[in-house]
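Peer 1: Dropping in input_0.cif, which is mmCIF, C-alpha atoms and all ligand atoms:
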data_query
loop_
_atom_site.label_atom_id
_atom_site.label_comp_id
_atom_site.auth_asym_id
_atom_site.auth_seq_id
_atom_site.Cartn_x
_atom_site.Cartn_y
_atom_site.Cartn_z
CA MET A 1 -4.59 25.08 12.17
CA TYR A 2 -0.90 25.26 11.37
CA GLU A 3 1.15 22.56 13.03
CA LEU A 4 4.43 20.80 12.35
CA ARG A 5 4.10 17.12 13.20
CA LYS A 6 6.80 14.48 13.29
CA ASP A 7 6.38 10.95 11.96
CA TYR A 8 5.88 8.36 14.72
CA PHE A 9 9.38 6.96 14.43
CA LEU A 10 11.24 8.63 11.59
CA ASN A 11 12.67 12.10 11.54
CA GLU A 12 10.19 13.17 8.88
CA TRP A 13 7.92 16.16 9.33
CA VAL A 14 4.66 17.39 7.84
CA ILE A 15 2.83 20.68 8.10
CA ILE A 16 -0.87 20.26 8.82
CA ALA A 17 -2.32 23.43 7.30
CA THR A 18 -6.08 23.12 7.21
CA SER A 19 -6.70 26.55 5.64
CA ARG A 20 -5.34 25.06 2.45
CA PHE A 21 -8.25 22.68 2.44
CA LYS A 22 -10.31 25.53 0.97
CA ARG A 23 -8.21 25.35 -2.16
CA PRO A 24 -9.76 23.36 -4.95
CA VAL A 25 -9.38 19.72 -4.02
CA ASP A 26 -7.80 17.59 -6.61
CA THR A 27 -9.86 14.50 -7.16
CA HIS A 28 -9.36 12.03 -9.88
CA ARG A 29 -11.48 12.37 -12.98
CA PRO A 30 -12.30 8.89 -14.15
CA VAL A 31 -10.23 8.25 -17.22
CA LYS A 32 -12.03 7.55 -20.44
CA ARG A 33 -12.87 3.87 -20.49
CA LYS A 34 -10.77 1.97 -22.92
CA LYS A 35 -12.70 -0.48 -24.99
CA ARG A 36 -12.67 -3.89 -23.38
CA HIS A 37 -11.10 -5.54 -26.40
CA SER A 38 -7.95 -3.46 -26.14
CA CYS A 39 -7.36 -4.06 -22.40
CA PRO A 40 -4.67 -6.71 -21.86
CA PHE A 41 -6.04 -7.51 -18.39
CA CYS A 42 -9.54 -8.46 -19.58
CA PRO A 43 -10.61 -12.10 -20.09
CA GLY A 44 -10.15 -13.14 -23.69
CA ASN A 45 -6.94 -11.11 -23.95
CA GLU A 46 -4.75 -13.42 -21.88
CA HIS A 47 -2.47 -13.83 -24.90
CA LEU A 48 -1.55 -10.13 -24.67
CA THR A 49 0.26 -10.57 -21.34
CA PRO A 50 3.59 -12.33 -20.70
CA PRO A 51 3.26 -16.04 -19.74
CA GLU A 52 1.07 -16.50 -16.70
CA ILE A 53 2.51 -17.31 -13.26
CA LEU A 54 -0.71 -18.03 -11.39
CA ARG A 55 -4.46 -18.19 -12.01
CA VAL A 56 -7.23 -18.47 -9.40
CA PRO A 57 -9.13 -20.66 -9.95
CA THR A 58 -7.47 -22.59 -12.73
CA GLY A 59 -9.59 -22.87 -15.86
CA LYS A 60 -11.34 -20.41 -18.11
CA ASN A 61 -13.32 -18.45 -15.52
CA TRP A 62 -10.50 -16.98 -13.47
CA ARG A 63 -10.96 -14.38 -10.74
CA ILE A 64 -7.29 -13.46 -10.28
CA ARG A 65 -4.33 -13.70 -12.67
CA VAL A 66 -0.62 -13.10 -12.06
CA PHE A 67 2.03 -12.56 -14.75
CA PRO A 68 5.31 -10.65 -15.22
CA ASN A 69 4.94 -6.93 -15.92
CA LYS A 70 5.37 -6.39 -19.65
CA PHE A 71 7.09 -3.07 -18.91
CA GLN A 72 9.17 -4.24 -15.99
CA ALA A 73 11.38 -1.88 -14.01
CA VAL A 74 14.10 -4.49 -13.45
CA ALA A 75 16.24 -6.97 -15.36
CA TYR A 76 15.07 -10.60 -15.03
CA THR A 77 18.20 -12.35 -16.26
CA GLY A 78 21.94 -11.88 -16.65
CA THR A 79 24.64 -11.07 -14.16
CA ILE A 80 24.60 -8.26 -11.65
CA LYS A 81 27.22 -5.64 -12.44
CA GLU A 82 28.29 -3.01 -9.96
CA SER A 83 30.34 0.11 -10.45
CA VAL A 84 31.65 2.34 -7.67
CA GLN A 85 33.43 5.54 -8.65
CA LYS A 86 33.57 8.91 -7.03
CA PHE A 87 30.16 10.54 -7.70
CA PHE A 88 29.08 7.68 -9.95
CA ASN A 89 27.74 4.59 -8.18
CA SER A 90 25.57 2.15 -10.03
CA LYS A 91 24.44 -1.46 -10.05
CA THR A 92 22.23 -3.63 -12.27
CA ALA A 93 18.61 -3.29 -11.16
CA PHE A 94 17.85 -6.99 -10.94
CA GLY A 95 14.64 -8.62 -9.81
CA ARG A 96 11.10 -9.58 -10.62
CA HIS A 97 8.20 -7.29 -11.41
CA GLU A 98 4.76 -8.91 -11.43
CA VAL A 99 1.19 -7.81 -12.01
CA ILE A 100 -1.74 -9.23 -10.06
CA VAL A 101 -5.05 -8.63 -11.86
CA GLU A 102 -7.62 -8.50 -9.06
CA THR A 103 -10.80 -9.12 -11.00
CA PRO A 104 -11.85 -10.21 -14.49
CA LYS A 105 -14.33 -7.30 -14.62
CA HIS A 106 -13.05 -4.14 -16.27
CA GLY A 107 -13.98 -1.05 -14.25
CA GLN A 108 -14.64 -2.99 -11.04
CA MET A 109 -12.75 -1.53 -8.09
CA LEU A 110 -11.04 -3.48 -5.34
CA CYS A 111 -13.61 -2.18 -2.83
CA ASP A 112 -16.43 -3.53 -5.03
CA LEU A 113 -15.25 -7.10 -4.42
CA THR A 114 -16.77 -9.11 -1.59
CA VAL A 115 -14.72 -9.48 1.61
CA GLU A 116 -14.23 -13.15 0.71
CA ARG A 117 -12.76 -12.23 -2.66
CA ILE A 118 -10.47 -9.60 -1.13
CA GLU A 119 -9.33 -12.29 1.30
CA GLU A 120 -8.58 -14.54 -1.67
CA LEU A 121 -6.57 -11.70 -3.20
CA LEU A 122 -4.59 -11.27 0.04
CA GLU A 123 -3.76 -14.96 -0.17
CA VAL A 124 -2.36 -14.38 -3.65
CA TYR A 125 -0.29 -11.44 -2.30
CA ILE A 126 1.19 -13.83 0.26
CA ASN A 127 1.82 -16.52 -2.36
CA ARG A 128 3.78 -14.11 -4.56
CA ILE A 129 5.77 -12.42 -1.77
CA GLU A 130 6.78 -15.75 -0.27
CA ALA A 131 7.84 -17.13 -3.68
CA LEU A 132 9.79 -13.99 -4.60
CA ARG A 133 11.61 -13.56 -1.32
CA LYS A 134 13.12 -17.01 -1.79
CA THR A 135 14.40 -16.07 -5.25
CA LYS A 136 18.16 -15.80 -5.73
CA ASN A 137 19.68 -12.32 -5.34
CA ILE A 138 16.41 -10.81 -4.04
CA MET A 139 16.96 -8.55 -1.03
CA ASP A 140 13.47 -7.15 -0.59
CA VAL A 141 9.93 -7.42 -1.98
CA TYR A 142 7.57 -4.47 -2.42
CA LEU A 143 3.84 -4.85 -2.89
CA PHE A 144 1.85 -1.80 -3.95
CA LYS A 145 -1.22 -0.66 -5.79
CA ASN A 146 -1.85 2.43 -7.90
CA TRP A 147 -5.45 3.38 -8.61
CA GLY A 148 -6.36 6.36 -10.76
CA GLU A 149 -4.40 8.76 -12.90
CA LYS A 150 -3.10 10.86 -9.99
CA ALA A 151 -1.65 7.74 -8.37
CA GLY A 152 0.33 6.74 -11.43
CA ALA A 153 -1.92 3.95 -12.68
CA SER A 154 -1.28 3.52 -16.38
CA LEU A 155 -3.98 0.90 -16.89
CA GLU A 156 -7.51 1.27 -15.59
CA HIS A 157 -8.21 -2.42 -14.98
CA SER A 158 -7.74 -2.93 -11.21
CA HIS A 159 -4.40 -4.54 -10.40
CA THR A 160 -1.63 -4.72 -7.80
CA GLN A 161 2.11 -4.88 -8.48
CA VAL A 162 4.91 -6.73 -6.77
CA LEU A 163 8.50 -5.68 -7.25
CA ALA A 164 11.29 -7.84 -5.91
CA LEU A 165 14.66 -6.15 -5.95
CA ASN A 166 18.37 -6.77 -5.33
CA LYS A 167 18.38 -3.82 -2.93
CA VAL A 168 16.67 -2.84 0.31
CA SER A 169 15.30 0.67 -0.18
CA GLU A 170 16.80 3.46 1.92
CA ARG A 171 13.31 4.21 3.27
CA LYS A 172 12.93 0.63 4.48
CA LYS A 173 16.41 0.68 6.04
CA LYS A 174 15.51 3.84 7.93
CA GLU A 175 12.31 2.28 9.16
CA LEU A 176 13.99 -0.97 10.21
CA ASN A 177 16.69 0.97 12.06
CA ALA A 178 14.13 3.10 13.89
CA PHE A 179 12.24 -0.07 14.77
CA LYS A 180 15.38 -1.68 16.17
CA GLN A 181 16.26 1.39 18.23
CA LEU A 182 12.76 1.78 19.64
CA SER A 183 12.31 -1.89 20.51
CA LYS A 184 15.46 -2.02 22.63
CA ASN A 185 13.37 -2.21 25.80
CA GLY A 186 11.77 -5.35 24.40
CA LYS A 187 8.51 -3.74 23.35
CA CYS A 188 7.47 -3.36 19.72
CA PRO A 189 6.83 0.33 18.94
CA TYR A 190 3.90 -0.49 16.64
CA CYS A 191 2.21 -2.62 19.30
CA GLU A 192 2.63 0.30 21.69
CA LEU A 193 1.47 2.75 19.06
CA ILE A 194 -1.86 0.91 18.69
CA GLU A 195 -2.41 1.19 22.45
CA ARG A 196 -1.61 4.90 22.46
CA GLU A 197 -3.59 5.81 19.35
CA ARG A 198 -6.62 3.89 20.64
CA LYS A 199 -7.15 6.74 23.12
CA THR A 200 -7.06 9.48 20.44
CA LYS A 201 -9.44 10.93 17.87
CA ARG A 202 -7.31 9.41 15.15
CA PHE A 203 -8.40 5.88 16.01
CA ILE A 204 -10.91 4.84 13.36
CA PHE A 205 -11.88 1.25 13.95
CA GLU A 206 -10.77 -2.14 15.21
CA ASN A 207 -12.03 -5.68 14.90
CA ASN A 208 -10.52 -8.75 16.53
CA SER A 209 -7.38 -8.62 14.41
CA ILE A 210 -6.80 -5.21 12.81
CA ALA A 211 -6.63 -1.60 14.02
CA VAL A 212 -7.31 1.27 11.61
CA ILE A 213 -5.61 4.59 12.35
CA ALA A 214 -5.29 7.98 10.67
CA PRO A 215 -1.54 8.54 11.32
CA PHE A 216 -0.60 11.49 13.55
CA ALA A 217 1.68 12.98 10.88
CA SER A 218 -0.24 11.86 7.79
CA LYS A 219 1.48 12.92 4.61
CA TRP A 220 -1.68 12.74 2.51
CA PRO A 221 -5.25 13.80 3.29
CA PHE A 222 -7.26 10.78 4.51
CA GLU A 223 -4.18 8.62 4.87
CA VAL A 224 -4.77 5.43 6.88
CA MET A 225 -2.73 2.66 8.44
CA LEU A 226 -4.10 -0.86 8.82
CA LEU A 227 -2.16 -2.55 11.60
CA PRO A 228 -2.44 -6.19 12.68
CA LYS A 229 -3.09 -6.12 16.44
CA ARG A 230 -1.00 -9.24 16.92
CA HIS A 231 2.74 -8.73 16.59
CA ILE A 232 3.61 -10.26 13.24
CA LYS A 233 6.38 -9.27 10.89
CA ARG A 234 4.94 -10.65 7.67
CA LEU A 235 1.50 -10.88 6.08
CA SER A 236 2.03 -14.63 5.68
CA GLU A 237 1.83 -15.01 9.48
CA LEU A 238 -1.83 -13.93 9.56
CA LYS A 239 -4.32 -16.70 10.35
CA PRO A 240 -7.31 -17.17 8.03
CA GLU A 241 -9.72 -15.31 10.34
CA GLU A 242 -7.23 -12.44 10.63
CA LEU A 243 -6.91 -12.26 6.84
CA PHE A 244 -10.68 -11.98 6.65
CA ASP A 245 -10.64 -9.14 9.20
CA LEU A 246 -7.96 -7.37 7.16
CA ALA A 247 -9.96 -7.80 3.95
CA PHE A 248 -12.95 -6.24 5.71
CA VAL A 249 -11.11 -3.07 6.83
CA LEU A 250 -9.37 -2.73 3.47
CA LYS A 251 -12.74 -2.80 1.74
CA LYS A 252 -14.32 -0.29 4.15
CA SER A 253 -11.39 2.13 3.93
CA LEU A 254 -11.32 2.04 0.14
CA LEU A 255 -15.09 2.55 -0.06
CA LEU A 256 -14.68 6.04 1.38
CA LEU A 257 -12.08 6.86 -1.26
CA LYS A 258 -14.41 5.59 -3.96
CA GLU A 259 -17.04 8.03 -2.70
CA LYS A 260 -14.46 10.80 -2.90
CA ASN A 261 -13.49 9.69 -6.38
CA ALA A 262 -9.89 9.81 -5.19
CA SER A 263 -6.85 8.26 -6.81
CA PHE A 264 -4.83 6.35 -4.26
CA ASN A 265 -1.78 4.20 -3.63
CA PHE A 266 -1.49 1.56 -1.02
CA PHE A 267 1.47 -0.51 0.00
CA LEU A 268 2.31 -3.32 2.33
CA GLN A 269 5.27 -2.72 4.60
CA GLU A 270 6.94 -5.83 5.95
CA THR A 271 10.37 -7.35 6.16
CA VAL A 272 11.48 -10.35 4.17
CA SER A 273 14.67 -10.68 6.20
CA ARG A 274 15.26 -12.13 9.67
CA ASN A 275 14.87 -8.67 11.24
CA ASP A 276 11.95 -8.23 13.55
CA PHE A 277 9.22 -5.84 12.41
CA HIS A 278 5.49 -5.22 12.65
CA CYS A 279 3.87 -5.34 9.21
CA TYR A 280 1.12 -2.97 8.11
CA PHE A 281 -0.73 -1.54 5.12
CA ARG A 282 -0.69 2.17 4.38
CA ILE A 283 -3.27 3.79 2.11
CA LEU A 284 -2.28 7.12 0.53
CA PRO A 285 -5.10 9.02 -1.19
CA ARG A 286 -3.62 11.34 -3.81
CA ILE A 287 -5.96 14.19 -3.01
CA SER A 288 -3.55 17.10 -2.54
CA THR A 289 -0.82 18.26 -4.89
CA ARG A 290 2.88 18.60 -4.21
CA GLY A 291 5.23 21.24 -5.50
CA GLY A 292 8.58 22.91 -5.09
CA PHE A 293 8.46 23.29 -1.32
CA GLU A 294 7.97 19.57 -0.77
CA GLU A 295 10.77 18.70 -3.20
CA GLN A 296 13.10 21.26 -1.65
CA THR A 297 12.51 20.40 1.99
CA GLY A 298 11.14 16.87 2.09
CA CYS A 299 8.52 18.41 4.38
CA ILE A 300 4.98 17.71 3.20
CA ILE A 301 2.01 20.05 3.55
CA ASN A 302 -1.20 18.19 4.35
CA PRO A 303 -4.41 20.27 4.20
CA VAL A 304 -6.57 17.77 6.11
CA LYS A 305 -6.21 17.19 9.84
CA PRO A 306 -5.89 13.42 10.49
CA GLU A 307 -8.44 13.76 13.32
CA GLU A 308 -11.00 15.12 10.81
CA ALA A 309 -10.19 12.38 8.31
CA ALA A 310 -10.69 9.79 11.05
CA LYS A 311 -14.15 11.20 11.79
CA GLU A 312 -15.24 10.58 8.18
CA TYR A 313 -13.80 7.09 8.16
CA ARG A 314 -15.58 6.24 11.41
CA LYS A 315 -18.92 7.13 9.81
CA LYS A 316 -18.10 4.81 6.91
CA PHE A 317 -17.15 1.95 9.23
CA LYS A 318 -20.36 2.35 11.24
CA LYS A 319 -22.54 1.83 8.17
CA ARG A 320 -23.31 -1.82 7.63
ZN ZN A 401 -9.75 -4.72 -18.66
ZN ZN A 402 4.36 -5.28 17.18
#
Could you render the structure from this file as C-alpha cells?
Ligand SMILES: [Zn+2]
Ligand SMILES: [Zn+2]
Peer 2:
Amino acid sequence: MYELRKDYFLNEWVIIATSRFKRPVDTHRPVKRKKRHSCPFCPGNEHLTPPEILRVPTGKNWRIRVFPNKFQAVAYTGTIKESVQKFFNSKTAFGRHEVIVETPKHGQMLCDLTVERIEELLEVYINRIEALRKTKNIMDVYLFKNWGEKAGASLEHSHTQVLALNKVSERKKKELNAFKQLSKNGKCPYCELIERERKTKRFIFENNSIAVIAPFASKWPFEVMLLPKRHIKRLSELKPEELFDLAFVLKKSLLLLKEKNASFNFFLQETVSRNDFHCYFRILPRISTRGGFEEQTGCIINPVKPEEAAKEYRKKFKKR
C-alpha cells in the first residue's frame, strides 16, 4: 500500500507505505538500569531535586511528586526581552518547566499503575496546568511524556513534564485556526470526527466518556488519539467518572506499547485561552525512524497502516 493521506484538519501529509514495515523495526532496547541510589526521582533522594511543589499524599510514603525541572528549558525569573531585526528575531524564553514523578518505584511503567492511580495522576496534571496557566506572562501550557531512549527520555524513572511558556507554539496556532474555520457552522470538528471514525476500521474502543482512534493520517506506527466524547476544551472539565474512563484507556493503550517494547511520547492538546477547542491526548510510539526526506518535505513516511494498528489495539482492549 502506498497512499498519501492528509491530516484531519491541517494541511499536513503522510505517506502510508506498508512495504517498509518489512524493514527492521526499531524498538527500544531497555536502557541499563541505573542504580537506585543515583536516581534523583527515587524515594530517599528527594534532596537531589529542586524544592518540591506538590506531593501526593503528603508525608514520607508519596506516590506522586512534582518539582521544577533541574535542567529547565526556560528562564524562571527576570524580565522578558525582545529583539526584532531583519532576519534576527528573538525573545526571552520565559516560563515554568516542571517534572511530575508518577510513581516511587523505579522501573515501574505508567501502564503498570492501577486505573485508580492513573486517575490520581491525571488529577495532578490538572492541578499543575490550572496553576501554571494562571501564572503571569504564561501564554500556553504543554504537558507531555517521553518514555524510552528513542522518545528522548533522559531519565528512566517514569515521569511527565509540564512546560509553561510565554509563547503559543506555531503548531497550536495552526490547530486553533483550523478548529475555528471548521466550526463556523456551529459544529465542533472533533465531535464530528468521532462520529465519522466510529464507522471505520480505525475506531479502536469507546467507553462512556472516551473514544480511542488510530488517526487516518497517523504520523507514527500505532499512533492513537484519546478523545473525550463530550465537548470539553480542557482536561479540568472532565468529571471524576470521565477521568476514570480516560485513565482506563490510557492504561490499555500503553500496555500494547509495553508489549512491543516501544519508546513513546504522549501529549495533551488543549487550550488555556478563551478559544473554544476539543481537548485530546495523542500517543506517538517511536517505532519508525525519520531521515532526510521527512526533514526536507515535512511529509512523514509511516510503515504501518492505521487500520492494521487499530486491529491490534482492539485485541488488547478486548482482553480483561
Ligand atoms: Zn528512580
Ligand atoms: Zn467537540
Peer 1: Which residues form the shell of 6 Å around ligand ZN 401 (chain A) when you count all atoms listed in the file, given as number ranges by chain?
Peer 2: A: 36, 39, 41-42, 106, 157
Peer 1: When the cut-off is 6 Å and you count only C-alpha atoms and all ligand atoms, which residues lie near ligand ZN 402 (chain A), shown as a PyMOL selection string?
Peer 2: chain A and resi 188+190-191+231+278
Peer 1: Which of these residues is nearest to A:Pro215, using all atoms listed in the file: A:His47, A:Lys318, A:Arg5, A:Lys91?
Peer 2: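 For A:Pro215, the nearest of the given residues is A:Arg5.
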Peer 1: Distance atom CA of A:Met225-atom CA of A:Leu250, one decimal place?
Peer 2: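 We find that atom CA of A:Met225 and atom CA of A:Leu250 lie 9.9 Å from each other.
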Peer 1: Compile the contact shell of A:Gly152 as a list in words: residues with an atom at most 12 Å away, counting only C-alpha atoms, same-chain residues fewer than 5 positions apart removed.
Peer 2: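 Those residues are His28, Phe144, Lys145, Asn146, Trp147, Ser263, Phe264, Asn265, Phe266, Pro285 and Arg286 of chain A.
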Peer 1: Looking at only C-alpha atoms, which of A:Leu243, A:Ala262, A:Leu165, A:Leu254 is the one that sits closest to A:Ala75?
Peer 2: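 Nearest candidate to A:Ala75 out of A:Leu243, A:Ala262, A:Leu165, A:Leu254: A:Leu165.
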Peer 1: Report, in Å with one decimal, the straight-line distance from atom CA of A:Asp245 to atom CA of A:Glu102.
Peer 2: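 Atom CA of A:Glu102 lies 18.5 Å from atom CA of A:Asp245.
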Peer 1: Skipping near chain neighbours, those fewer than 3 positions away, what residues fall within 9 Å of stretch 207-211 of chain A using only C-alpha atoms, listed as a PyMOL selection string?
Peer 2: chain A and resi 194+198+203-204+225-230+241-243+245-246+249
Peer 1: Which residue, A:Ser158, A:Glu237, A:Arg290, A:Pro51, has the smallest gap to A:Asp112 when you use only C-alpha atoms?
Peer 2: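 Nearest to A:Asp112: A:Ser158.
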Peer 1: State, in Å with one decimal place, the distance from atom CA of A:Val162 to atom CA of A:Pro68.
Peer 2: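 Those two atoms sit 9.3 Å apart.
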Peer 1: Using only C-alpha atoms, which residues sit within 12 Å of A:Ala17 once same-chain residues fewer than 4 positions away are excluded, as a list in words?
Peer 2: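 In the requested format, the answer is Met1, Tyr2, Glu3, Leu4, Arg5, Phe21, Lys22, Arg23, Ala217, Ser218, Lys219, Trp220, Pro221, Ser288, Ile300, Ile301, Asn302, Pro303, Val304, Lys305 and Pro306 of chain A.
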Peer 1: For A:Val124, please output as an MDAnalysis selection string all residues within 9 Å (counting all atoms listed in the file; exclusion window: fewer than 5 positions along the same chain).
Peer 2: chainID A and resid 54 56 64 66 100 119 129
Peer 1: Give me the residues near A:Ser236 as a ChimeraX atom specification, where near means some atom within 6 Å (using all atoms listed in the file) and where sequence neighbours in that chain fewer than 2 positions away do not count.
Peer 2: /A:126,234,238
Peer 1: Which residue out of A:Phe222, A:Trp13, A:Tyr76, A:Phe248 has the minimum interatomic distance to A:Lys260 when all atoms listed in the file are used?
Peer 2: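 Answer, going by the shortest atom-to-atom distance: A:Phe222.
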Peer 1: Pick out the closest residue to A:Ser169 from this set: A:Asp140, A:Glu197, A:Ala131, A:Lys86. Count only C-alpha atoms.
Peer 2: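 Of all the options, A:Asp140 lies closest to A:Ser169.
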Peer 1: Nearest to A:Leu255 among A:Lys315, A:Lys150, A:Lys134, A:Arg282, with distances taken over only C-alpha atoms: which residue is it?
Peer 2: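 Of A:Lys315, A:Lys150, A:Lys134, A:Arg282, the one nearest A:Leu255 is A:Lys315, counting only C-alpha atoms.
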